[in-house]
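This is query_26.txt. It holds compact mmCIF, C-alpha atoms.
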# COMPACT_ATOMS: atom_id res chain seq x y z
CA MET A 1 -87.67 -91.60 -9.23
CA PHE A 2 -88.13 -92.71 -12.86
CA TRP A 3 -91.93 -92.89 -12.48
CA GLY A 4 -92.00 -89.54 -10.70
CA ILE A 5 -90.16 -87.87 -13.57
CA LEU A 6 -92.51 -89.48 -16.09
CA PHE A 7 -95.52 -88.37 -14.05
CA ILE A 8 -94.28 -84.77 -13.90
CA LEU A 9 -93.45 -84.73 -17.62
CA TRP A 10 -96.89 -86.16 -18.47
CA SER A 11 -98.57 -83.57 -16.24
CA MET A 12 -96.62 -80.80 -17.94
CA LEU A 13 -97.65 -82.13 -21.35
CA ILE A 14 -101.30 -82.06 -20.26
CA ILE A 15 -100.87 -78.44 -19.18
CA VAL A 16 -99.24 -77.48 -22.49
CA PHE A 17 -102.06 -79.00 -24.53
CA SER A 18 -104.65 -77.49 -22.19
CA VAL A 19 -103.39 -73.95 -22.70
CA MET A 20 -102.87 -74.12 -26.47
CA PRO A 21 -105.38 -72.05 -28.41
CA ASP A 22 -108.17 -74.22 -29.75
CA ASP A 23 -107.46 -73.30 -33.36
CA SER A 24 -103.96 -74.79 -33.09
CA LEU A 25 -105.35 -78.22 -32.21
CA ALA A 26 -106.95 -80.60 -34.63
CA LYS A 27 -110.60 -80.95 -33.61
CA MET A 28 -112.06 -84.38 -33.78
CA GLY A 29 -115.43 -84.64 -35.46
CA ILE A 30 -118.84 -85.16 -34.04
CA ASP A 31 -120.69 -88.18 -35.34
CA ASN A 32 -124.46 -88.43 -35.77
CA SER A 33 -124.90 -89.22 -32.08
CA GLY A 34 -123.29 -85.91 -31.07
CA PHE A 35 -120.42 -87.73 -29.35
CA ARG A 36 -117.11 -85.91 -29.64
CA TRP A 37 -114.29 -88.42 -30.03
CA ASP A 38 -111.87 -86.16 -28.21
CA TYR A 39 -113.65 -87.19 -25.01
CA LEU A 40 -111.86 -90.52 -25.40
CA GLU A 41 -108.57 -88.61 -25.59
CA HIS A 42 -109.39 -86.90 -22.29
CA PHE A 43 -110.25 -90.27 -20.78
CA GLY A 44 -107.06 -91.94 -22.04
CA VAL A 45 -104.81 -89.08 -20.95
CA PHE A 46 -106.08 -89.40 -17.38
CA VAL A 47 -105.94 -93.20 -17.39
CA PHE A 48 -102.23 -92.81 -18.12
CA PHE A 49 -101.96 -89.98 -15.54
CA SER A 50 -103.41 -92.36 -12.94
CA ILE A 51 -101.07 -95.22 -13.88
CA LEU A 52 -97.98 -92.99 -13.73
CA TYR A 53 -99.01 -91.50 -10.38
CA LEU A 54 -99.66 -94.89 -8.80
CA GLN A 55 -96.40 -96.33 -10.14
CA TRP A 56 -94.53 -93.32 -8.77
CA ARG A 57 -96.15 -93.66 -5.34
CA LYS A 58 -96.17 -97.48 -5.15
CA ALA A 59 -94.02 -97.49 -1.99
CA ASP A 60 -96.78 -95.60 -0.14
CA PRO A 61 -99.54 -97.47 1.70
CA VAL A 62 -102.48 -98.28 -0.59
CA LYS A 63 -104.91 -95.96 1.19
CA LYS A 64 -102.49 -93.02 0.92
CA ARG A 65 -101.88 -93.73 -2.80
CA ILE A 66 -105.59 -93.89 -3.61
CA TRP A 67 -106.47 -90.74 -1.65
CA GLY A 68 -103.50 -88.97 -3.22
CA LEU A 69 -104.69 -89.97 -6.68
CA ILE A 70 -108.23 -88.81 -5.96
CA ILE A 71 -107.15 -85.46 -4.54
CA ILE A 72 -104.37 -84.67 -7.01
CA GLY A 73 -106.22 -86.12 -10.00
CA VAL A 74 -109.49 -84.29 -9.42
CA ILE A 75 -107.76 -81.00 -8.59
CA PHE A 76 -105.48 -81.29 -11.63
CA ALA A 77 -108.31 -82.28 -14.00
CA THR A 78 -110.53 -79.46 -12.72
CA SER A 79 -107.74 -76.88 -12.80
CA THR A 80 -106.75 -77.64 -16.38
CA GLU A 81 -110.38 -77.31 -17.48
CA LEU A 82 -111.06 -74.15 -15.46
CA PHE A 83 -107.86 -72.51 -16.70
CA GLN A 84 -109.24 -72.74 -20.23
CA LEU A 85 -111.77 -70.06 -19.29
CA PHE A 86 -108.91 -67.57 -19.50
CA ILE A 87 -107.59 -68.67 -22.90
CA GLN A 88 -108.92 -67.14 -26.05
CA SER A 89 -110.77 -69.70 -28.22
CA ARG A 90 -110.91 -72.21 -25.34
CA ASN A 91 -113.73 -72.84 -22.92
CA PHE A 92 -114.66 -74.94 -19.92
CA ASN A 93 -116.41 -78.16 -20.92
CA TYR A 94 -117.97 -80.18 -18.13
CA LEU A 95 -117.94 -83.32 -20.30
CA ASP A 96 -114.18 -82.97 -20.81
CA LEU A 97 -113.87 -82.77 -17.03
CA LEU A 98 -116.14 -85.77 -16.58
CA PHE A 99 -114.03 -87.88 -18.95
CA ASN A 100 -110.81 -86.64 -17.29
CA VAL A 101 -112.03 -87.73 -13.87
CA ALA A 102 -113.49 -91.00 -15.20
CA GLY A 103 -110.03 -91.98 -16.44
CA LEU A 104 -108.58 -91.89 -12.92
CA PRO A 105 -110.26 -94.98 -11.43
CA ILE A 106 -109.89 -96.92 -14.68
CA GLY A 107 -106.14 -96.30 -14.60
CA ALA A 108 -106.08 -97.43 -10.96
CA ILE A 109 -107.97 -100.62 -11.82
CA LEU A 110 -105.67 -101.33 -14.78
CA ILE A 111 -102.47 -100.93 -12.77
CA HIS A 112 -103.93 -103.04 -9.95
CA GLN A 113 -104.76 -105.83 -12.40
CA LEU A 114 -101.32 -105.61 -14.01
CA HIS A 115 -99.68 -105.93 -10.58
CA LYS A 116 -101.86 -108.96 -9.79
CA ILE A 117 -100.86 -110.61 -13.08
CA HIS A 118 -97.21 -109.82 -12.46
CA LEU A 119 -97.36 -111.26 -8.92
CA SER A 120 -99.12 -114.43 -10.03
CA ALA A 121 -96.60 -114.94 -12.83
CA ALA A 122 -93.73 -114.57 -10.37
CA THR A 123 -95.02 -117.38 -8.12

Translate this file's structure into structure tokens.
Amino acid sequence: MFWGILFILWSMLIIVFSVMPDDSLAKMGIDNSGFRWDYLEHFGVFVFFSILYLQWRKADPVKKRIWGLIIIGVIFATSTELFQLFIQSRNFNYLDLLFNVAGLPIGAILIHQLHKIHLSAAT
């Protein structure tokens, strides 16, 4: 229940920041390579999204958890990006979406590794 509440609160926070007008958010700069550092924010937000979801659903069979993460994560990441089309001063950015979705498997790998470490320490 605890992880489910955290997951829902985190998801709501993502929605709030996704619908805020762009001018109310601090924009991170672009370096000489053209890389926007806020892509790392998108990545990190969805790594944490993935971890919270998998912790919440850890009683489910592994296959169900992973498919749930893929379906919910991709739909949520896509929806939050697409919704920005309807907000003044915001726009859809396919690279934001790419970094959102890329965070999902990394979060899954991290939580899997943490569980393995925890299990090996317990034995």

May I ask which of the residues A:Pro105, A:Ser120, A:Leu95, A:Ser79 is the closest one to A:Tyr39, counting only C-alpha atoms? A:Leu95

Computed interatomic separation between atom CA of A:Leu98 and atom CA of A:Pro21 (Å):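 Computing it gives 21.1 Å between the two atoms.
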
Do you have the atom CA of A:Ile111-atom CA of A:Phe76 distance handy? 19.9 Å

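With only C-alpha atoms as the atoms that count, the residue of A:Gly68, A:Pro61, A:Gly44, A:Gly73 with the shortest distance to A:Val101 is A:Gly73.
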
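The smallest atom-to-atom distance between A:Leu110 and any of A:Ala122, A:Asn93, A:Leu52, A:Val74, using all atoms listed in the file, is found for A:Leu52.
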
Given only C-alpha atoms as the basis, pick out the residue of A:Ile71, A:Met1, A:Val19, A:Val47 nearest to A:Ile106.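 Nearest to A:Ile106: A:Val47.
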
As a ChimeraX atom specification, please: the residues near A:Ile70 (cut-off 12 Å, only C-alpha atoms, same-chain neighbours under 4 positions excluded). /A:46,49-50,53-54,63-66,74-78,100-105,107-108

For A:Asp96, which residue among A:Ile109, A:Ile5, A:Leu40, A:Val16 is the nearest when counting all atoms listed in the file?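 Selected residue with least distance to A:Asp96: A:Leu40.
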
Return the single residue from A:Arg57, A:Val45, A:Val62, A:Arg36 that is closest to A:Leu13, with distances computed using only C-alpha atoms. A:Val45

Gap from atom CA of A:Asn91 to atom CA of A:Phe17 - Å, one decimal: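 Separation between atom CA of A:Asn91 and atom CA of A:Phe17: 13.3 Å.
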